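Novice: If you scroll down you'll find the structure; I have some questions about it.
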Amino acid sequence: MECSTPFLWVTFTIFMSSPLVVLAKPPCHFPAVFNFGDSNSDTGGLSAVFGQAGPPAGESFFHGPAGRYSDGRLVVDFIAEALGLPYLSAFLDSIGTNFVHGANFATAGSTIRPQNTTLRQSGFSPISLNVQFYEFNDFHRRSQIVRNRGRIYRKLLPKAKTFQQALYTFDIGQNDLTAGYFLNMTVDQVRAYVPDVLTQFKTVVSSIYDQGGRYFWIHNTGPVGCLPYVLDRKPVARSEYDRAGCATPFNEVAKFFNEGLKELVNQLRDELPHAAITYVDVYSVKYSLFSQARKHGFKESLRTCCGHGGKYNYNIHSGCGGKIKKNGKEVLVGKSCDDPSAYIVWDGVHLTQAANKFVFDQIVNGSFSDPPTPLKFACHRQ
């Protein structure tokens with residue numbers, strides 16, 4: 001009997017440290033999702049303002065352009081599916097939108113910290129995270145005024161209590177890093193402004209909490225040094241590529257950003273006593289995908305599916321959906337791979353639907369979260 005006590009204690013400790021511990025609590029009912037982010041979670045925001053992401057985007061699932069910079073669904077789409085909700089309508093899209101179950105404020109090219117450039121000049125969206133919050137703030141207030149008119153508005157706009165019960169998801173920060181690189185800043189210079197970026201992120205989360213938001217699901221940023229649009233534009237010394245072919249200096253800064261983000265989340269837990277905040281390590285999942293592509297069922301890791309030319313099948317001047325001249329005629333840069341599901345990278349910047357599904361499958365059960373909380377239990381504070 002004496003020797004069984006340590007065994008039971010070890011077993012209990014292992015159980016308590018696993019995602020299964022939250023299963024003793026009831027699953028959450030999130031009536032809506034409000035998402036903030038960049039192109040990794042944009043379901044039509046940038047397309048609504050600056051023109052649709054054209055063919056062959058969306059072909060693997062939506063059978064045509066659907067506002068997403070991928071061949072199909074994004075991680076945020078799989079989150080909606082898992083919660084039994086419709087796909088999120090982009091806040092900026094006025095056509096066919098329904099906001100009863102939430103809204104998506106993300107736009108492709110968005111940064112946390114505002115950029116002093118136009119979209120045409122830099123490729124980065126003027127709709128930075130603070131602007132997305134202004135949109136949310138206005139939507140929160142005006143949606144209730146309009147909903148109270150009754151009739152069709154009650155079917156298109158969320159109830160007041162929805163804003164307190166909803167899940168608030170974030171996937172943003174990648175462009176804050178690449179914006180510096182594309183302005184020819186060094187990795188040290190980019191690293192130096194990361195604390196300011198994180199401070200601005202903290203302000204927005206706190207402001208949403210002040211408006212009643214209580215449940216937060218926050219993704220860290222991925223390994224930008226594995227993406228063709230960075231590798232092609234910002235080559236590094238041969239010794240600075242890792243075994244996966246990724247640029248180590250850029251990934252190190254991404255990890256530095258993530259360390260700061262995790263520390264910030266811990267601060268927010270102390271400062272926002274009624275919030276349940278889940279930090280999700282998508283970096284580790286995505287790096288595993290790039291570095292062990294074949295193990296995870298993918299044929300190509302760094303080469304782009306939809307593109308043309310160069311080592312990575314990527315060309316900044318004529319990317320996926322653009323046009324090039326071939327034999328004197330304009331030709332669409334369409335899908336150049338036979339099977340997008342065998343590729344991790346769709347267009348040199350964004351992941352394929354298959355890769356997004358892989359990422360979601362790894363994070364949904366809480367295995368890469370702090371605390372280790374599954375998506376459906378993310379309303380429980382630990």
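FYI, nothing fancy with the structure tokens labels: chains A, B, ... in order, residues from 1 per chain, ligands from 1 as they appear.
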For Val253 in chain A, work out the shell of residues within 9 Å, counting only C-alpha atoms and skipping chain neighbours fewer than 6 positions away, then give it as a ChimeraX atom specification.
Specialist: /A:177,187-188,190-191,194
Novice: For Gly212 in chain A, list every protein, DNA or RNA residue within 8 Å, evaluated using only C-alpha atoms, and leave out those in the same chain fewer than 4 positions away; present the list as a PyMOL selection string.
Specialist: chain A and resi 163-164+208
Novice: Mind listing the strand (DSSP E or B) residues of range 42-273 of chain A, per DSSP on the backbone, as a PyMOL selection string?
Specialist: chain A and resi 90+102-104+167-171+215-219+241+247
Novice: Write a file of the selected residues as a PDB file, in the first residue's frame, keeping C-alpha atoms.
Specialist:
```
ATOM      1  CA  ALA A  90     -16.259  40.566 -42.938  1.00  0.00           C
ATOM      2  CA  GLY A 102     -20.142  37.643 -34.983  1.00  0.00           C
ATOM      3  CA  ALA A 103     -18.039  39.700 -37.339  1.00  0.00           C
ATOM      4  CA  ASN A 104     -14.546  39.628 -38.784  1.00  0.00           C
ATOM      5  CA  LEU A 167     -15.164  34.418 -28.223  1.00  0.00           C
ATOM      6  CA  TYR A 168     -12.681  37.115 -29.271  1.00  0.00           C
ATOM      7  CA  THR A 169      -9.973  35.715 -31.533  1.00  0.00           C
ATOM      8  CA  PHE A 170      -6.718  37.361 -32.601  1.00  0.00           C
ATOM      9  CA  ASP A 171      -4.187  36.412 -35.274  1.00  0.00           C
ATOM     10  CA  TYR A 215     -13.157  35.230 -23.603  1.00  0.00           C
ATOM     11  CA  PHE A 216      -9.983  35.641 -25.650  1.00  0.00           C
ATOM     12  CA  TRP A 217      -8.209  33.173 -27.973  1.00  0.00           C
ATOM     13  CA  ILE A 218      -4.866  34.682 -29.021  1.00  0.00           C
ATOM     14  CA  HIS A 219      -2.562  33.164 -31.658  1.00  0.00           C
ATOM     15  CA  TYR A 241      19.343  28.891 -43.220  1.00  0.00           C
ATOM     16  CA  ALA A 247      15.868  31.854 -42.529  1.00  0.00           C
TER      17      ALA A 247
END
```
Novice: Give me the residues within 8 Å of Lys286 in chain A as a list in words, counting only C-alpha atoms and dropping any in the same chain fewer than 5 places off.
Specialist: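 Skipping anything fewer than 5 positions along the chain leaves Gly222, Pro223 and Val359 of chain A.
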Novice: May I ask which of the residues A:Phe62, A:Phe256, A:Phe36, A:Tyr283 is the closest one to Ser110 in chain A, counting only C-alpha atoms?
Specialist: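 Nearest to Ser110 in chain A: A:Phe36.
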Novice: Using DSSP on the backbone coordinates, identify all residues within range 6-198 of chain A classified as alpha helix (DSSP H); present the result as a VMD selection string.
Specialist: chain A and resid 6 to 16 45 to 50 75 to 82 119 to 122 129 to 147 153 to 156 162 to 165 174 to 182 187 to 198
Novice: Give me, as a PDB file with N, CA, C and O atoms, in the first residue's frame, all polymer residues having an atom no more than 7 Å from range 228-232 of chain A, counting only C-alpha atoms and skipping those fewer than 6 positions away in the same chain.
Specialist:
```pdb
ATOM      1  N   ALA A 247      14.880  30.849 -42.918  1.00  0.00           N
ATOM      2  CA  ALA A 247      15.868  31.854 -42.529  1.00  0.00           C
ATOM      3  C   ALA A 247      15.820  32.052 -41.011  1.00  0.00           C
ATOM      4  O   ALA A 247      14.866  32.632 -40.484  1.00  0.00           O
ATOM      5  N   LEU A 302       8.373  24.513 -48.932  1.00  0.00           N
ATOM      6  CA  LEU A 302       8.631  25.929 -49.163  1.00  0.00           C
ATOM      7  C   LEU A 302       8.203  26.416 -50.537  1.00  0.00           C
ATOM      8  O   LEU A 302       8.024  27.627 -50.731  1.00  0.00           O
ATOM      9  N   TYR A 312      11.377  29.376 -55.371  1.00  0.00           N
ATOM     10  CA  TYR A 312      10.198  29.054 -54.566  1.00  0.00           C
ATOM     11  C   TYR A 312       8.895  29.108 -55.374  1.00  0.00           C
ATOM     12  O   TYR A 312       7.809  29.067 -54.801  1.00  0.00           O
ATOM     13  N   TYR A 314       7.773  31.671 -56.833  1.00  0.00           N
ATOM     14  CA  TYR A 314       7.151  32.896 -56.340  1.00  0.00           C
ATOM     15  C   TYR A 314       7.795  34.097 -57.013  1.00  0.00           C
ATOM     16  O   TYR A 314       9.013  34.170 -57.147  1.00  0.00           O
ATOM     17  N   GLY A 348       2.787  31.934 -51.771  1.00  0.00           N
ATOM     18  CA  GLY A 348       4.060  32.528 -51.366  1.00  0.00           C
ATOM     19  C   GLY A 348       3.976  33.269 -50.050  1.00  0.00           C
ATOM     20  O   GLY A 348       4.990  33.533 -49.411  1.00  0.00           O
ATOM     21  N   VAL A 349       2.763  33.614 -49.657  1.00  0.00           N
ATOM     22  CA  VAL A 349       2.544  34.383 -48.430  1.00  0.00           C
ATOM     23  C   VAL A 349       1.656  33.613 -47.455  1.00  0.00           C
ATOM     24  O   VAL A 349       1.885  33.608 -46.251  1.00  0.00           O
TER      25      VAL A 349
END
```
Novice: Mind checking which residues fall within 10 Å of Arg303 in chain A, counting only C-alpha atoms, ignoring those fewer than 5 positions away in the same chain, and posting them as a PyMOL selection string?
Specialist: chain A and resi 227-228+308+310-314+337+343-348
Novice: Pick from A:Gly45, A:Gly307, A:Gly37, A:Gly51: nearest to Pro340 in chain A, with only C-alpha atoms counted?
Specialist: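 Ranked by minimum distance to Pro340 in chain A, first place goes to A:Gly307.
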Novice: What is the CA of Val285 in chain A-CA of Leu88 in chain A distance in Å, reported with one decimal?
Specialist: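 Separation of CA of Val285 in chain A and CA of Leu88 in chain A: 23.8 Å.
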Novice: Hey, which of A:Ile172, A:Tyr279, A:Ala244, A:Thr186 ends up closest to Arg294 in chain A? Count only C-alpha atoms.
Specialist: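 That would be A:Ala244, the residue with the smallest distance to Arg294 in chain A.
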Novice: Just the number, please: distance in Å from CA of Asn356 in chain A to CA of Gly225 in chain A, one decimal.
Specialist: 17.7 Å
Novice: Which residues come within 12 Å of Glu259 in chain A, counting only C-alpha atoms, excluding same-chain residues fewer than 2 positions away, as a VMD selection string?
Specialist: chain A and resid 191 194 to 195 198 220 to 221 252 to 257 261 to 266 279 to 281 283
Novice: What does the distance from CA of Lys325 in chain A to CA of Cys305 in chain A come to in Å, to one decimal?
Specialist: 19.6 Å
Novice: Considering only C-alpha atoms, give me a table of residues in range 18-118 of chain A that are at most 10 Å from range 328-335 of chain A, with the closest atom pair and distance in Å for each, as CSV.
Specialist:
```
residue,atom,partner,partner_atom,distance
A:Gly54,CA,A:Gly334,CA,9.8
A:Pro55,CA,A:Gly334,CA,7.1
A:Pro56,CA,A:Gly334,CA,5.8
A:Ala57,CA,A:Gly334,CA,8.9
A:Glu59,CA,A:Lys335,CA,9.6
A:Asp71,CA,A:Lys335,CA,9.3
```
